[in-house]
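Below is target.tsv, which holds TSV, C-alpha atoms.
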```tsv
chain	number	residue	atom	x	y	z
K	1	MET	CA	66.60	49.51	-8.23
K	2	PRO	CA	66.10	52.05	-5.41
K	3	SER	CA	68.56	51.89	-2.56
K	4	LEU	CA	67.30	50.79	0.85
K	5	VAL	CA	67.40	53.62	3.40
K	6	ILE	CA	67.35	52.56	7.04
K	7	ARG	CA	66.29	55.31	9.45
K	8	ASP	CA	66.59	55.25	13.20
K	9	SER	CA	63.14	55.67	14.70
K	10	PRO	CA	62.33	56.57	18.30
K	11	LEU	CA	61.52	53.72	20.62
K	12	PRO	CA	57.86	53.35	21.63
K	13	PHE	CA	57.31	55.33	24.83
K	14	MET	CA	56.35	52.32	26.93
K	15	ASP	CA	59.56	50.55	25.88
K	16	VAL	CA	61.49	53.59	27.11
K	17	VAL	CA	59.53	53.55	30.37
K	18	GLY	CA	60.33	49.87	30.84
K	19	ALA	CA	64.05	50.52	30.42
K	20	VAL	CA	64.06	53.58	32.72
K	21	SER	CA	62.15	51.74	35.46
K	22	HIS	CA	65.21	49.51	36.04
K	23	SER	CA	67.17	52.60	37.10
K	24	VAL	CA	64.72	54.32	39.48
K	25	VAL	CA	64.61	53.83	43.25
K	26	ALA	CA	62.19	54.84	45.99
K	27	VAL	CA	63.69	56.75	48.91
K	28	ALA	CA	62.27	56.26	52.42
K	29	VAL	CA	63.05	57.87	55.76
K	30	GLY	CA	61.77	56.11	58.86
K	31	THR	CA	59.27	53.32	59.39
K	32	THR	CA	55.57	54.07	59.73
K	33	SER	CA	53.44	52.89	62.62
K	34	THR	CA	52.14	50.13	60.31
K	35	GLY	CA	55.68	48.86	59.70
K	36	LYS	CA	56.16	50.17	56.16
K	37	PRO	CA	59.09	52.31	54.97
K	38	ASN	CA	58.02	55.98	54.89
K	39	ILE	CA	58.50	57.02	51.25
K	40	VAL	CA	59.64	60.65	50.93
K	41	GLY	CA	60.83	60.81	47.34
K	42	THR	CA	62.59	59.22	44.40
K	43	GLY	CA	66.13	58.72	43.12
K	44	PHE	CA	67.84	57.14	40.14
K	45	ALA	CA	71.11	55.53	39.10
K	46	LEU	CA	73.19	58.07	37.18
K	47	GLU	CA	75.95	57.58	34.59
K	48	PHE	CA	78.26	55.29	36.62
K	49	SER	CA	77.84	52.06	38.57
K	50	GLU	CA	77.00	52.65	42.27
K	51	TYR	CA	76.18	56.38	41.83
K	52	PHE	CA	72.70	57.77	42.41
K	53	ALA	CA	70.98	61.16	42.36
K	54	THR	CA	68.05	62.61	44.27
K	55	CYS	CA	67.03	66.03	45.58
K	56	TRP	CA	68.83	67.43	48.59
K	57	HIS	CA	65.49	68.19	50.25
K	58	VAL	CA	64.63	64.46	49.94
K	59	ALA	CA	67.91	63.19	51.39
K	60	SER	CA	67.99	65.82	54.15
K	61	ALA	CA	64.66	64.52	55.52
K	62	HIS	CA	66.80	61.89	57.22
K	63	ASP	CA	68.89	64.57	58.95
K	64	SER	CA	65.79	66.14	60.47
K	65	LEU	CA	65.00	62.89	62.31
K	66	LEU	CA	68.45	62.10	63.66
K	67	GLY	CA	68.67	62.40	67.44
K	68	LEU	CA	64.91	62.36	67.99
K	69	SER	CA	63.63	60.28	70.88
K	70	PRO	CA	61.20	57.38	70.34
K	71	GLN	CA	58.45	59.63	71.69
K	72	GLU	CA	59.32	62.42	69.25
K	73	LEU	CA	59.40	59.97	66.36
K	74	ALA	CA	56.04	58.55	67.44
K	75	SER	CA	54.55	62.05	67.34
K	76	LYS	CA	55.45	62.08	63.63
K	77	GLY	CA	53.88	58.64	63.10
K	78	LEU	CA	57.25	56.88	62.86
K	79	LYS	CA	58.89	53.99	64.67
K	80	ASP	CA	62.48	54.82	63.68
K	81	SER	CA	64.59	57.08	61.44
K	82	LYS	CA	66.16	54.46	59.14
K	83	PHE	CA	67.20	55.58	55.65
K	84	ARG	CA	66.30	53.09	52.90
K	85	VAL	CA	66.10	52.76	49.16
K	86	ALA	CA	63.93	50.33	47.24
K	87	LEU	CA	65.89	48.78	44.38
K	88	PRO	CA	64.30	47.27	41.27
K	89	GLY	CA	65.01	43.64	40.49
K	90	GLY	CA	63.17	40.56	39.33
K	91	GLY	CA	60.12	42.53	38.27
K	92	SER	CA	59.55	44.16	41.67
K	93	TYR	CA	61.20	46.51	44.18
K	94	HIS	CA	63.07	45.44	47.30
K	95	TRP	CA	63.93	47.62	50.30
K	96	ARG	CA	67.51	47.81	51.49
K	97	GLU	CA	68.57	49.56	54.68
K	98	LEU	CA	71.53	51.77	53.89
K	99	GLU	CA	72.94	51.22	57.37
K	100	GLU	CA	73.92	47.76	56.13
K	101	PHE	CA	76.22	49.19	53.46
K	102	THR	CA	78.96	51.73	53.09
K	103	TRP	CA	77.38	54.83	51.59
K	104	LEU	CA	78.61	58.31	50.88
K	105	ARG	CA	76.77	61.42	49.80
K	106	GLY	CA	77.57	64.85	48.43
K	107	LYS	CA	75.19	67.74	48.88
K	108	TYR	CA	74.73	70.57	46.44
K	109	GLU	CA	72.05	72.38	48.39
K	110	LYS	CA	71.92	75.54	46.28
K	111	VAL	CA	70.65	73.56	43.29
K	112	ASP	CA	68.80	70.96	45.40
K	113	ILE	CA	70.98	68.02	44.34
K	114	CYS	CA	72.26	65.12	46.39
K	115	ILE	CA	74.62	62.63	44.73
K	116	PHE	CA	75.18	59.46	46.74
K	117	ARG	CA	77.18	56.30	46.26
K	118	LEU	CA	76.11	52.87	47.46
K	119	ILE	CA	79.20	50.69	47.61
K	120	GLY	CA	78.51	47.29	46.08
K	121	ILE	CA	75.02	48.21	44.83
K	122	ALA	CA	74.68	48.60	41.08
K	123	ILE	CA	71.62	48.87	38.85
K	124	PRO	CA	71.57	50.05	35.22
K	125	PRO	CA	72.43	53.79	35.23
K	126	LEU	CA	70.68	56.42	33.12
K	127	THR	CA	72.64	58.64	30.73
K	128	LEU	CA	72.51	62.43	30.92
K	129	HIS	CA	71.29	64.32	27.86
K	130	LYS	CA	74.38	66.05	26.47
K	131	GLY	CA	72.75	68.28	23.86
K	132	GLU	CA	71.04	71.63	24.07
K	133	PHE	CA	67.80	72.35	25.90
K	134	ILE	CA	64.94	71.22	23.65
K	135	LEU	CA	61.87	73.41	24.08
K	136	GLY	CA	58.70	71.38	23.67
K	137	ALA	CA	60.43	68.00	23.90
K	138	GLU	CA	58.24	65.17	25.15
K	139	VAL	CA	59.52	63.80	28.44
K	140	GLY	CA	58.49	61.18	30.96
K	141	VAL	CA	58.68	61.35	34.75
K	142	LEU	CA	58.86	58.11	36.74
K	143	GLY	CA	58.76	58.05	40.53
K	144	PHE	CA	56.83	57.57	43.75
K	145	PRO	CA	54.40	60.48	44.24
K	146	LEU	CA	52.44	60.96	47.46
K	147	GLY	CA	54.60	58.42	49.24
K	148	ASN	CA	52.79	55.49	50.80
K	149	ALA	CA	49.36	56.86	49.86
K	150	MET	CA	49.78	55.63	46.27
K	151	GLN	CA	51.21	52.23	47.21
K	152	GLY	CA	49.69	48.87	48.08
K	153	GLU	CA	51.38	45.68	49.19
K	154	THR	CA	53.53	45.68	46.04
K	155	LEU	CA	55.72	48.74	45.49
K	156	ARG	CA	55.17	50.25	42.04
K	157	PRO	CA	56.44	53.47	40.42
K	158	ILE	CA	54.03	55.93	38.80
K	159	ILE	CA	54.57	57.33	35.29
K	160	THR	CA	53.48	60.64	33.77
K	161	LYS	CA	54.27	62.31	30.46
K	162	THR	CA	54.69	66.02	29.82
K	163	LEU	CA	56.72	68.62	27.88
K	164	LEU	CA	59.76	70.76	28.56
K	165	ALA	CA	57.91	74.06	28.58
K	166	GLY	CA	60.77	76.51	29.16
K	167	GLY	CA	63.61	77.53	31.42
K	168	MET	CA	64.08	79.85	34.39
K	169	GLU	CA	66.55	82.67	33.79
K	170	PRO	CA	68.37	84.10	36.82
K	171	THR	CA	66.81	87.27	38.24
K	172	PRO	CA	66.93	88.82	41.73
K	173	GLU	CA	63.38	87.56	42.32
K	174	ASN	CA	63.83	83.91	41.34
K	175	HIS	CA	67.42	83.20	42.44
K	176	LEU	CA	66.32	80.04	44.29
K	177	ASP	CA	64.99	78.49	41.10
K	178	ALA	CA	67.33	80.04	38.54
K	179	GLY	CA	68.70	77.73	35.92
K	180	LYS	CA	65.94	75.15	36.15
K	181	ALA	CA	63.70	73.69	33.47
K	182	VAL	CA	59.96	74.31	33.58
K	183	LEU	CA	57.69	71.29	33.08
K	184	ALA	CA	54.33	71.80	31.39
K	185	SER	CA	52.46	69.95	34.12
K	186	SER	CA	52.49	69.91	37.89
K	187	VAL	CA	53.84	66.76	39.51
K	188	ALA	CA	52.92	65.63	43.00
K	189	THR	CA	55.09	65.63	46.10
K	190	GLY	CA	57.18	62.44	46.09
K	191	PHE	CA	58.18	62.85	42.46
K	192	SER	CA	61.04	64.99	43.81
K	193	GLY	CA	64.28	63.33	42.68
K	194	SER	CA	62.62	61.59	39.74
K	195	PRO	CA	64.38	61.58	36.38
K	196	VAL	CA	62.86	63.73	33.66
K	197	PHE	CA	63.75	61.57	30.67
K	198	SER	CA	63.44	61.88	26.92
K	199	ALA	CA	60.35	60.07	25.68
K	200	SER	CA	62.31	58.87	22.65
K	201	ASP	CA	65.54	57.50	24.12
K	202	GLY	CA	65.37	57.61	27.95
K	203	ASN	CA	68.27	60.04	28.43
K	204	VAL	CA	67.94	62.28	31.48
K	205	MET	CA	66.89	65.81	30.58
K	206	GLY	CA	66.48	66.92	34.20
K	207	MET	CA	65.47	65.92	37.72
K	208	VAL	CA	62.20	66.96	39.34
K	209	SER	CA	62.95	69.51	42.04
K	210	SER	CA	59.88	71.48	43.07
K	211	LYS	CA	56.84	73.45	42.14
K	212	PRO	CA	57.55	77.11	41.35
K	213	LEU	CA	57.81	79.23	44.46
K	214	GLU	CA	55.80	82.36	45.15
K	215	ILE	CA	58.16	85.10	44.01
K	216	THR	CA	56.05	88.24	43.82
K	217	PRO	CA	53.92	90.04	46.42
K	218	GLN	CA	51.01	90.02	43.98
K	219	GLY	CA	50.55	86.28	43.74
K	220	THR	CA	51.95	82.91	42.84
K	221	TRP	CA	52.97	81.16	39.67
K	222	PRO	CA	50.17	79.72	37.54
K	223	ALA	CA	49.01	76.29	38.65
K	224	GLY	CA	50.13	73.29	36.65
K	225	LEU	CA	53.89	73.87	36.47
K	226	SER	CA	56.87	72.16	38.11
K	227	LEU	CA	60.62	72.72	38.00
K	228	ALA	CA	63.51	70.41	37.19
K	229	VAL	CA	67.27	70.60	37.77
K	230	LEU	CA	69.15	70.76	34.47
K	231	PRO	CA	71.52	68.02	33.21
K	232	ALA	CA	74.52	70.35	33.38
K	233	ASP	CA	74.07	70.81	37.14
K	234	LEU	CA	73.62	67.05	37.63
K	235	GLN	CA	76.80	66.45	35.60
K	236	GLN	CA	78.77	68.97	37.63
K	237	GLY	CA	77.55	67.55	40.94
K	238	LEU	CA	78.21	63.99	39.82
K	239	MET	CA	81.77	64.60	38.61
K	240	SER	CA	82.62	66.57	41.75
K	241	PHE	CA	81.29	63.80	43.95
K	242	VAL	CA	83.00	60.99	41.97
K	243	GLU	CA	86.33	62.67	42.65
K	244	THR	CA	85.50	63.30	46.32
K	245	SER	CA	84.17	59.80	47.01
K	246	ASN	CA	87.11	58.08	45.33
K	247	ARG	CA	89.46	60.14	47.46
K	248	SER	CA	87.49	59.27	50.60
K	249	ILE	CA	87.61	55.55	49.83
K	250	LYS	CA	91.36	55.69	49.15
K	251	ASP	CA	91.92	57.56	52.42
K	252	ALA	CA	89.82	55.02	54.35
K	253	LEU	CA	91.71	52.09	52.81
K	254	ARG	CA	95.06	53.76	53.52
K	255	SER	CA	94.04	54.38	57.14
K	256	SER	CA	92.90	50.78	57.51
K	257	LEU	CA	96.18	49.47	56.12
K	258	ASP	CA	98.19	51.76	58.39
K	259	LYS	CA	96.38	50.43	61.43
K	260	LYS	CA	97.28	46.85	60.46
K	261	LYS	CA	101.00	47.60	60.22
```

What would the structure in this file look like if it were written as structure tokens?
Amino acid sequence: MPSLVIRDSPLPFMDVVGAVSHSVVAVAVGTTSTGKPNIVGTGFALEFSEYFATCWHVASAHDSLLGLSPQELASKGLKDSKFRVALPGGGSYHWRELEEFTWLRGKYEKVDICIFRLIGIAIPPLTLHKGEFILGAEVGVLGFPLGNAMQGETLRPIITKTLLAGGMEPTPENHLDAGKAVLASSVATGFSGSPVFSASDGNVMGMVSSKPLEITPQGTWPAGLSLAVLPADLQQGLMSFVETSNRSIKDALRSSLDKKK
């Protein structure tokens, strides 16, 4: 009698998407004149409870609004400069103002990474891909492209599927984008900070960062490509920030206890 061989098979892509969607958040800076949060990008829960990742250029949009007068904000179509994330739960997304919570962030501007911690806020985290770069691997991207333009009354993420097409090697001409993965399709503004996840298991194989920059006097990169931060850089930024944030919390608690003595 032949022996029974049980093989692990990849999950159906839509099952992977459903699992990943529980870990992705919308990032908004300011409130529009119509009263809706102004979506500027995407983020996702990463590796540990309470820790999240997005692009530095997404998070720093908040910095550009700090200190502006109501008139200056109005000129940009905004009522305020509040920083919010929309968290998944109960089949929909719910906005939370970060001013209501203790939150910390670490910037890694050179690689366009921002790791932030939301104390007391935990959603299922995604796991970083620990293996080698897989050329041609099928990946999904889940996020909030084009901000409010793609959204109705109910907030919903947008999904696209593409391939890991290659990697950027460091050269004097492309130093700003060195060490990033190349995606085989162009993704819209607002996908910045979205996880690039394996279509078979949902592990993070990168984070959408940008479209390729113009790097030669003769022209631009071919249309239809985008770049993604690699898992190794996300891992390095995350571990550095975990250590820093834990130290900050301990120092704050110690200071608080000293004041009570």

Sorted per-residue table, segment 137-188 of chain K near segment 226-229 of chain K, closest atoms and distance, 7 Å, all atoms listed in the file, as JSON lines:
```
{"residue": "K:Lys180", "atom": "CA", "partner": "K:Val229", "partner_atom": "CA", "distance": 5.0}
{"residue": "K:Ala181", "atom": "CA", "partner": "K:Ala228", "partner_atom": "CA", "distance": 5.0}
{"residue": "K:Val182", "atom": "CA", "partner": "K:Leu227", "partner_atom": "CA", "distance": 4.7}
{"residue": "K:Leu183", "atom": "CA", "partner": "K:Ser226", "partner_atom": "CA", "distance": 5.2}
{"residue": "K:Ser185", "atom": "CA", "partner": "K:Ser226", "partner_atom": "CA", "distance": 6.3}
{"residue": "K:Ser186", "atom": "CA", "partner": "K:Ser226", "partner_atom": "CA", "distance": 4.9}
{"residue": "K:Val187", "atom": "CA", "partner": "K:Ser226", "partner_atom": "CA", "distance": 6.3}
```

Nearest candidate to Asp233 of chain K (options K:Ile39, K:Val139, K:Val16, K:Ile113; using only C-alpha atoms): K:Ile113

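When atom CA of Met14 of chain K is paired with atom CA of Ala59 of chain K, their separation reads 29.2 Å.
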
Top pick for closest residue to Leu98 of chain K, considering K:Ala188, K:Leu238, K:Val58, K:Val29 and counting all atoms listed in the file: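 Checking each of K:Ala188, K:Leu238, K:Val58, K:Val29 against Leu98 of chain K, counting all atoms listed in the file, the winner is K:Val29.
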
Using all atoms listed in the file: which of K:Glu138, K:Phe52, K:Val40, K:Met205 has the shortest distance to Met239 of chain K: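 Comparing K:Glu138, K:Phe52, K:Val40, K:Met205 against Met239 of chain K, the winner is K:Phe52.
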
What box, with edges along x, y and z, holds each listed atom of segment 138-147 of chain K when 5 Å is added on every side, and can you state its centre and edge lengths in Å to one decimal, as AutoDock Vina command-line options?
```
--center_x 56.0 --center_y 61.4 --center_z 37.2 --size_x 17.1 --size_y 17.6 --size_z 34.1
```

Given all atoms listed in the file as the counted atoms, nearest of K:Asp112, K:Asp63, K:Glu153, K:Glu50 to Lys36 of chain K: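 Using all atoms listed in the file, the shortest distance to Lys36 of chain K belongs to K:Glu153.
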
Å distance separating atom CA of Val20 of chain K from atom CA of Gly41 of chain K, one decimal place: 16.6 Å

Expected answer as an MDAnalysis selection string: all residues with atoms within 12 Å of (85.3, 56.2, 41.4), all atoms listed in the file: chainID K and resid 47:51 104 116:119 238:250

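In this model, the gap between atom CA of Ser23 of chain K and atom CA of Phe44 of chain K comes to 5.5 Å.
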
Of the listed residues K:Gly89, K:Leu225, K:Gly190, K:Leu126, that which approaches Asn148 of chain K most closely, counting all atoms listed in the file: K:Gly190
